[in-house]
Amino acid sequence: MKALITGASSGIGYDMAYYLGSLGYDLILVARNKAKLQEMQKDISTNVKIIVADLSIESKLKEVYVLCKNENIDILINNAGFGICGNFDEIDLNTEMEMINTNIRAVHILTKLFLKDMKKRDSGYILNVASSAAFEPGPLMATYYSTKAYVLRLTTSIYEELRRDKSKVVVSCLCPGPVDTNFNKTAGVVFSIKPLDSKYVSEYAIKQMFKKKLIIIPGLKMKVSVFFTRFLSTKFLARIIYKIQKKKLKVSRGR
C-alpha cells in the first residue's frame, strides 16, 4: 500500500503522512522543504520516498508524475496550497499566480494524471484538500476562496463521472474550517474562531475517505455553518464574510 502526499512538510499533509504511516502505508512525500522531508523520512517507520518540488511550476508536476507513475499509488492526497489576505486590487499579481498554480493547476494536473492510472486498475483513492471557503464568497481573500471553490467543483464533478462509469476509484474533497497550522501565518490573518487540531482533522479526513465520503467537513460547528449558508443570499453572505476578514486583518496587523 502506497500513498502520495503533496504539501507534506507541515500542517494537514504532515499529520496525514504520520497517520498513514501508522496504518502501514509506504509514502511518497512532496514539498519544497527538503530538511523537513528528510526528518520525516527518518522518523516514519514505513518506507518513505521524498521529492523536493515547487508545485507551482508545471514542469515539476510532470516530473512528480514521471517519478511516481510506476509506483502503483493507492492514495493521492493533493494538499499543497496557501492563501493571502488583502484587497484584490492590492495583492501582488505574481503571488496570486503562484497561488492559482499551486491551489488549482497542481490539483488539476496531478488528479488527471493519476486518475487515469487508477481507472485502468479500477482502484484507488484521491483526496483533494479544499476548505470551507469553497462554499462562500471571499472578500479580502477573493483568490484563495475562488481556488478552493474550483477544487470542490472539480472533485464533485469527477465523482459523478466515476459513479456513472461504475468505477471503484474513490474521490473525496476535504473542506475544513480553521485548522491549527502555519496557514494563518502565510495568509497574514488570525482566525476568528478556535481552530481544530490538525491531527484530528487529518485522521478524520482519512477515515471518511475510506468510507467513500465525497465532501468531508470536520467539526460540528463547521458542518452547521456550511448548512446555514445555503439559506443566505450571496450578497448578504459576502457582507458578513468581509466583516469577519476585516477583523482578522486588524488583529493580525496589530500584533
# chains A, B, ... in the order shown; residues from 1 in each chain; ligands from 1
>>> select_by_dssp(residues="segment 60-175 of chain A", states="alpha helix (DSSP H)", output="PyMOL selection string")
chain A and resi 60-68+93-100+106-121+142-164
>>> residues_around(residues="Glu63 of chain A", least_positions_apart="5", cutoff="12 Å", atoms="only C-alpha atoms", output="list of chain:residue names")
A:Val30, A:Ile51, A:Val52, A:Ala53, A:Asp54, A:Leu55, A:Ile57, A:Glu58, A:Cys68, A:Lys69, A:Ala106, A:Ile109, A:Leu110, A:Leu113
>>> write_last_selection(atoms="all heavy atoms", output="CSV table (one decimal), in the first residue's frame")
chain,number,residue,atom,x,y,z
A,30,VAL,N,5.9,15.0,-1.0
A,30,VAL,CA,6.3,16.0,-1.9
A,30,VAL,C,6.1,17.4,-1.2
A,30,VAL,O,5.1,17.7,-0.6
A,30,VAL,CB,5.5,16.0,-3.2
A,30,VAL,CG1,6.0,17.1,-4.1
A,30,VAL,CG2,5.5,14.7,-3.8
A,51,ILE,N,10.3,13.8,-2.4
A,51,ILE,CA,10.5,14.5,-3.7
A,51,ILE,C,10.4,16.0,-3.3
A,51,ILE,O,9.4,16.5,-2.8
A,51,ILE,CB,9.4,14.2,-4.7
A,51,ILE,CG1,9.5,12.7,-5.1
A,51,ILE,CG2,9.6,15.0,-6.0
A,51,ILE,CD1,8.4,12.3,-6.0
A,52,VAL,N,11.5,16.7,-3.6
A,52,VAL,CA,11.6,18.2,-3.3
A,52,VAL,C,11.1,18.9,-4.6
A,52,VAL,O,11.8,18.8,-5.6
A,52,VAL,CB,13.0,18.6,-2.9
A,52,VAL,CG1,13.0,20.1,-2.6
A,52,VAL,CG2,13.4,17.8,-1.6
A,53,ALA,N,10.0,19.6,-4.5
A,53,ALA,CA,9.5,20.2,-5.7
A,53,ALA,C,8.6,21.4,-5.4
A,53,ALA,O,7.8,21.3,-4.4
A,53,ALA,CB,8.7,19.2,-6.6
A,54,ASP,N,8.7,22.4,-6.2
A,54,ASP,CA,7.7,23.5,-6.1
A,54,ASP,C,6.6,23.3,-7.1
A,54,ASP,O,6.8,23.4,-8.3
A,54,ASP,CB,8.5,24.8,-6.5
A,54,ASP,CG,7.6,26.1,-6.4
A,54,ASP,OD1,6.4,25.9,-6.3
A,54,ASP,OD2,8.1,27.2,-6.5
A,55,LEU,N,5.4,23.0,-6.6
A,55,LEU,CA,4.3,22.5,-7.4
A,55,LEU,C,3.6,23.7,-8.1
A,55,LEU,O,2.6,23.4,-8.8
A,55,LEU,CB,3.3,21.7,-6.5
A,55,LEU,CG,3.9,20.4,-6.0
A,55,LEU,CD1,2.8,19.6,-5.2
A,55,LEU,CD2,4.5,19.6,-7.0
A,57,ILE,N,5.1,25.2,-10.3
A,57,ILE,CA,5.8,25.1,-11.6
A,57,ILE,C,5.3,23.8,-12.3
A,57,ILE,O,5.5,22.7,-11.8
A,57,ILE,CB,7.3,25.0,-11.4
A,57,ILE,CG1,7.8,26.3,-10.7
A,57,ILE,CG2,8.0,24.9,-12.8
A,57,ILE,CD1,9.3,26.2,-10.2
A,58,GLU,N,4.7,24.0,-13.5
A,58,GLU,CA,4.1,22.9,-14.2
A,58,GLU,C,5.0,21.8,-14.5
A,58,GLU,O,4.7,20.6,-14.4
A,58,GLU,CB,3.4,23.4,-15.5
A,58,GLU,CG,2.6,22.3,-16.2
A,58,GLU,CD,1.8,22.8,-17.4
A,58,GLU,OE1,1.6,24.0,-17.5
A,58,GLU,OE2,1.4,21.9,-18.2
A,68,CYS,N,6.6,8.8,-10.1
A,68,CYS,CA,5.7,8.0,-9.3
A,68,CYS,C,4.8,7.1,-10.1
A,68,CYS,O,4.1,6.3,-9.6
A,68,CYS,CB,4.8,8.9,-8.5
A,68,CYS,SG,5.8,10.0,-7.3
A,69,LYS,N,4.7,7.3,-11.5
A,69,LYS,CA,3.7,6.6,-12.2
A,69,LYS,C,3.8,5.1,-12.2
A,69,LYS,O,2.8,4.4,-12.4
A,69,LYS,CB,3.7,7.1,-13.7
A,69,LYS,CG,5.0,6.7,-14.5
A,69,LYS,CD,4.9,7.2,-15.9
A,69,LYS,CE,6.1,6.8,-16.7
A,69,LYS,NZ,6.0,7.3,-18.1
A,106,ALA,N,-1.9,22.5,-9.9
A,106,ALA,CA,-1.3,21.3,-9.3
A,106,ALA,C,-2.3,20.2,-9.0
A,106,ALA,O,-2.1,19.1,-9.3
A,106,ALA,CB,-0.5,21.7,-8.0
A,109,ILE,N,-3.8,18.9,-12.5
A,109,ILE,CA,-2.9,18.1,-13.3
A,109,ILE,C,-2.6,16.7,-12.6
A,109,ILE,O,-2.7,15.7,-13.2
A,109,ILE,CB,-1.6,18.8,-13.6
A,109,ILE,CG1,-1.8,20.0,-14.5
A,109,ILE,CG2,-0.5,17.9,-14.1
A,109,ILE,CD1,-0.6,21.0,-14.7
A,110,LEU,N,-2.3,16.8,-11.3
A,110,LEU,CA,-2.0,15.5,-10.6
A,110,LEU,C,-3.2,14.6,-10.5
A,110,LEU,O,-3.1,13.4,-10.7
A,110,LEU,CB,-1.4,15.8,-9.2
A,110,LEU,CG,0.0,16.4,-9.2
A,110,LEU,CD1,0.4,16.7,-7.8
A,110,LEU,CD2,1.0,15.6,-9.9
A,113,LEU,N,-3.7,13.0,-14.1
A,113,LEU,CA,-2.7,12.0,-14.5
A,113,LEU,C,-2.8,10.7,-13.7
A,113,LEU,O,-2.8,9.6,-14.2
A,113,LEU,CB,-1.3,12.6,-14.3
A,113,LEU,CG,-0.9,13.8,-15.2
A,113,LEU,CD1,0.5,14.4,-14.8
A,113,LEU,CD2,-0.9,13.3,-16.7
>>> closest_residue(among="A:Ile91, A:Cys85, A:Leu127, A:Cys173", to="Tyr144 of chain A", atoms="only C-alpha atoms")
A:Cys85
>>> residues_around(residues="Asp122 of chain A", least_positions_apart="5", cutoff="10 Å", atoms="only C-alpha atoms", output="list in words")
Leu115, Lys116, Asp117, Lys166, Ser167, Lys168, Val169 and Val170 of chain A
>>> atom_distance(atom1="atom CA of Val64 of chain A", atom2="atom CA of Lys199 of chain A")
26.0 Å
>>> closest_residue(among="A:Gly138, A:Gly13, A:Gly83, A:Pro178", to="Lys235 of chain A", atoms="only C-alpha atoms")
A:Gly138
>>> closest_atom_pairs(of="segment 108-168 of chain A", to="segment 211-221 of chain A", cutoff="8 Å", atoms="only C-alpha atoms", output="JSON lines")
{"residue": "A:Ser132", "atom": "CA", "partner": "A:Ile217", "partner_atom": "CA", "distance": 7.6}
{"residue": "A:Thr156", "atom": "CA", "partner": "A:Leu214", "partner_atom": "CA", "distance": 7.2}
{"residue": "A:Tyr159", "atom": "CA", "partner": "A:Leu214", "partner_atom": "CA", "distance": 7.5}
>>> residues_around(residues="Ile158 of chain A", least_positions_apart="5", cutoff="9 Å", atoms="only C-alpha atoms", output="ChimeraX atom specification")
/A:153,163,171
>>> write_last_selection(atoms="N, CA, C and O atoms", output="compact mmCIF listing (two decimals), in the first residue's frame")
# COMPACT_ATOMS: atom_id res chain seq x y z
N ARG A 153 -15.59 21.89 -6.82
CA ARG A 153 -16.41 21.59 -8.00
C ARG A 153 -15.74 20.56 -8.90
O ARG A 153 -16.41 19.70 -9.49
N ARG A 163 -18.99 7.56 -10.79
CA ARG A 163 -20.19 6.82 -10.37
C ARG A 163 -20.91 6.24 -11.59
O ARG A 163 -21.32 5.07 -11.58
N VAL A 171 -13.12 9.38 -5.05
CA VAL A 171 -12.61 10.75 -4.92
C VAL A 171 -13.36 11.44 -3.79
O VAL A 171 -14.57 11.28 -3.64
>>> closest_residue(among="A:Asn79, A:Val107, A:Ala149, A:Glu136", to="Ala17 of chain A", atoms="only C-alpha atoms")
A:Asn79
>>> closest_residue(among="A:Asn87, A:Ser225, A:Ile206, A:Pro195", to="Leu249 of chain A", atoms="only C-alpha atoms")
A:Asn87
>>> closest_residue(among="A:Ala80, A:Leu67, A:Leu140, A:Ile50", to="Asn101 of chain A", atoms="only C-alpha atoms")
A:Ala80
>>> atom_distance(atom1="atom CA of Gly81 of chain A", atom2="atom CA of Leu174 of chain A")
13.0 Å
>>> atom_distance(atom1="atom CA of Gly124 of chain A", atom2="atom CA of Asn103 of chain A")
21.9 Å
>>> decode(residues="segment 140-153 of chain A", atoms="N, CA, C and O atoms", output="PDB file, in the first residue's frame")
ATOM      1  N   LEU A 140     -11.688  40.017   0.541  1.00  0.00           N
ATOM      2  CA  LEU A 140     -10.398  40.152   1.218  1.00  0.00           C
ATOM      3  C   LEU A 140      -9.555  38.876   1.161  1.00  0.00           C
ATOM      4  O   LEU A 140      -8.406  38.873   1.583  1.00  0.00           O
ATOM      5  N   MET A 141     -10.136  37.801   0.646  1.00  0.00           N
ATOM      6  CA  MET A 141      -9.353  36.606   0.294  1.00  0.00           C
ATOM      7  C   MET A 141      -9.948  36.020  -0.992  1.00  0.00           C
ATOM      8  O   MET A 141     -10.142  34.817  -1.123  1.00  0.00           O
ATOM      9  N   ALA A 142     -10.241  36.913  -1.936  1.00  0.00           N
ATOM     10  CA  ALA A 142     -11.013  36.544  -3.120  1.00  0.00           C
ATOM     11  C   ALA A 142     -10.378  35.413  -3.927  1.00  0.00           C
ATOM     12  O   ALA A 142     -11.056  34.458  -4.325  1.00  0.00           O
ATOM     13  N   THR A 143      -9.075  35.504  -4.153  1.00  0.00           N
ATOM     14  CA  THR A 143      -8.411  34.496  -4.984  1.00  0.00           C
ATOM     15  C   THR A 143      -8.359  33.154  -4.268  1.00  0.00           C
ATOM     16  O   THR A 143      -8.628  32.101  -4.875  1.00  0.00           O
ATOM     17  N   TYR A 144      -8.029  33.168  -2.984  1.00  0.00           N
ATOM     18  CA  TYR A 144      -7.959  31.913  -2.231  1.00  0.00           C
ATOM     19  C   TYR A 144      -9.307  31.207  -2.213  1.00  0.00           C
ATOM     20  O   TYR A 144      -9.399  30.007  -2.500  1.00  0.00           O
ATOM     21  N   TYR A 145     -10.376  31.927  -1.861  1.00  0.00           N
ATOM     22  CA  TYR A 145     -11.705  31.321  -1.820  1.00  0.00           C
ATOM     23  C   TYR A 145     -12.080  30.741  -3.190  1.00  0.00           C
ATOM     24  O   TYR A 145     -12.666  29.657  -3.285  1.00  0.00           O
ATOM     25  N   SER A 146     -11.731  31.465  -4.239  1.00  0.00           N
ATOM     26  CA  SER A 146     -12.064  31.011  -5.593  1.00  0.00           C
ATOM     27  C   SER A 146     -11.304  29.746  -5.969  1.00  0.00           C
ATOM     28  O   SER A 146     -11.856  28.852  -6.625  1.00  0.00           O
ATOM     29  N   THR A 147     -10.039  29.657  -5.548  1.00  0.00           N
ATOM     30  CA  THR A 147      -9.276  28.447  -5.862  1.00  0.00           C
ATOM     31  C   THR A 147      -9.876  27.226  -5.160  1.00  0.00           C
ATOM     32  O   THR A 147      -9.923  26.125  -5.732  1.00  0.00           O
ATOM     33  N   LYS A 148     -10.351  27.417  -3.938  1.00  0.00           N
ATOM     34  CA  LYS A 148     -10.911  26.285  -3.204  1.00  0.00           C
ATOM     35  C   LYS A 148     -12.274  25.884  -3.752  1.00  0.00           C
ATOM     36  O   LYS A 148     -12.653  24.697  -3.709  1.00  0.00           O
ATOM     37  N   ALA A 149     -13.028  26.853  -4.270  1.00  0.00           N
ATOM     38  CA  ALA A 149     -14.295  26.525  -4.937  1.00  0.00           C
ATOM     39  C   ALA A 149     -14.029  25.663  -6.173  1.00  0.00           C
ATOM     40  O   ALA A 149     -14.773  24.717  -6.469  1.00  0.00           O
ATOM     41  N   TYR A 150     -12.953  25.976  -6.891  1.00  0.00           N
ATOM     42  CA  TYR A 150     -12.577  25.181  -8.053  1.00  0.00           C
ATOM     43  C   TYR A 150     -12.291  23.737  -7.657  1.00  0.00           C
ATOM     44  O   TYR A 150     -12.764  22.785  -8.297  1.00  0.00           O
ATOM     45  N   VAL A 151     -11.513  23.562  -6.591  1.00  0.00           N
ATOM     46  CA  VAL A 151     -11.161  22.211  -6.133  1.00  0.00           C
ATOM     47  C   VAL A 151     -12.410  21.424  -5.752  1.00  0.00           C
ATOM     48  O   VAL A 151     -12.552  20.245  -6.110  1.00  0.00           O
ATOM     49  N   LEU A 152     -13.340  22.063  -5.062  1.00  0.00           N
ATOM     50  CA  LEU A 152     -14.575  21.389  -4.665  1.00  0.00           C
ATOM     51  C   LEU A 152     -15.393  20.977  -5.877  1.00  0.00           C
ATOM     52  O   LEU A 152     -15.852  19.834  -5.972  1.00  0.00           O
ATOM     53  N   ARG A 153     -15.591  21.895  -6.821  1.00  0.00           N
ATOM     54  CA  ARG A 153     -16.415  21.586  -8.003  1.00  0.00           C
ATOM     55  C   ARG A 153     -15.741  20.557  -8.903  1.00  0.00           C
ATOM     56  O   ARG A 153     -16.409  19.702  -9.487  1.00  0.00           O
TER      57      ARG A 153
END
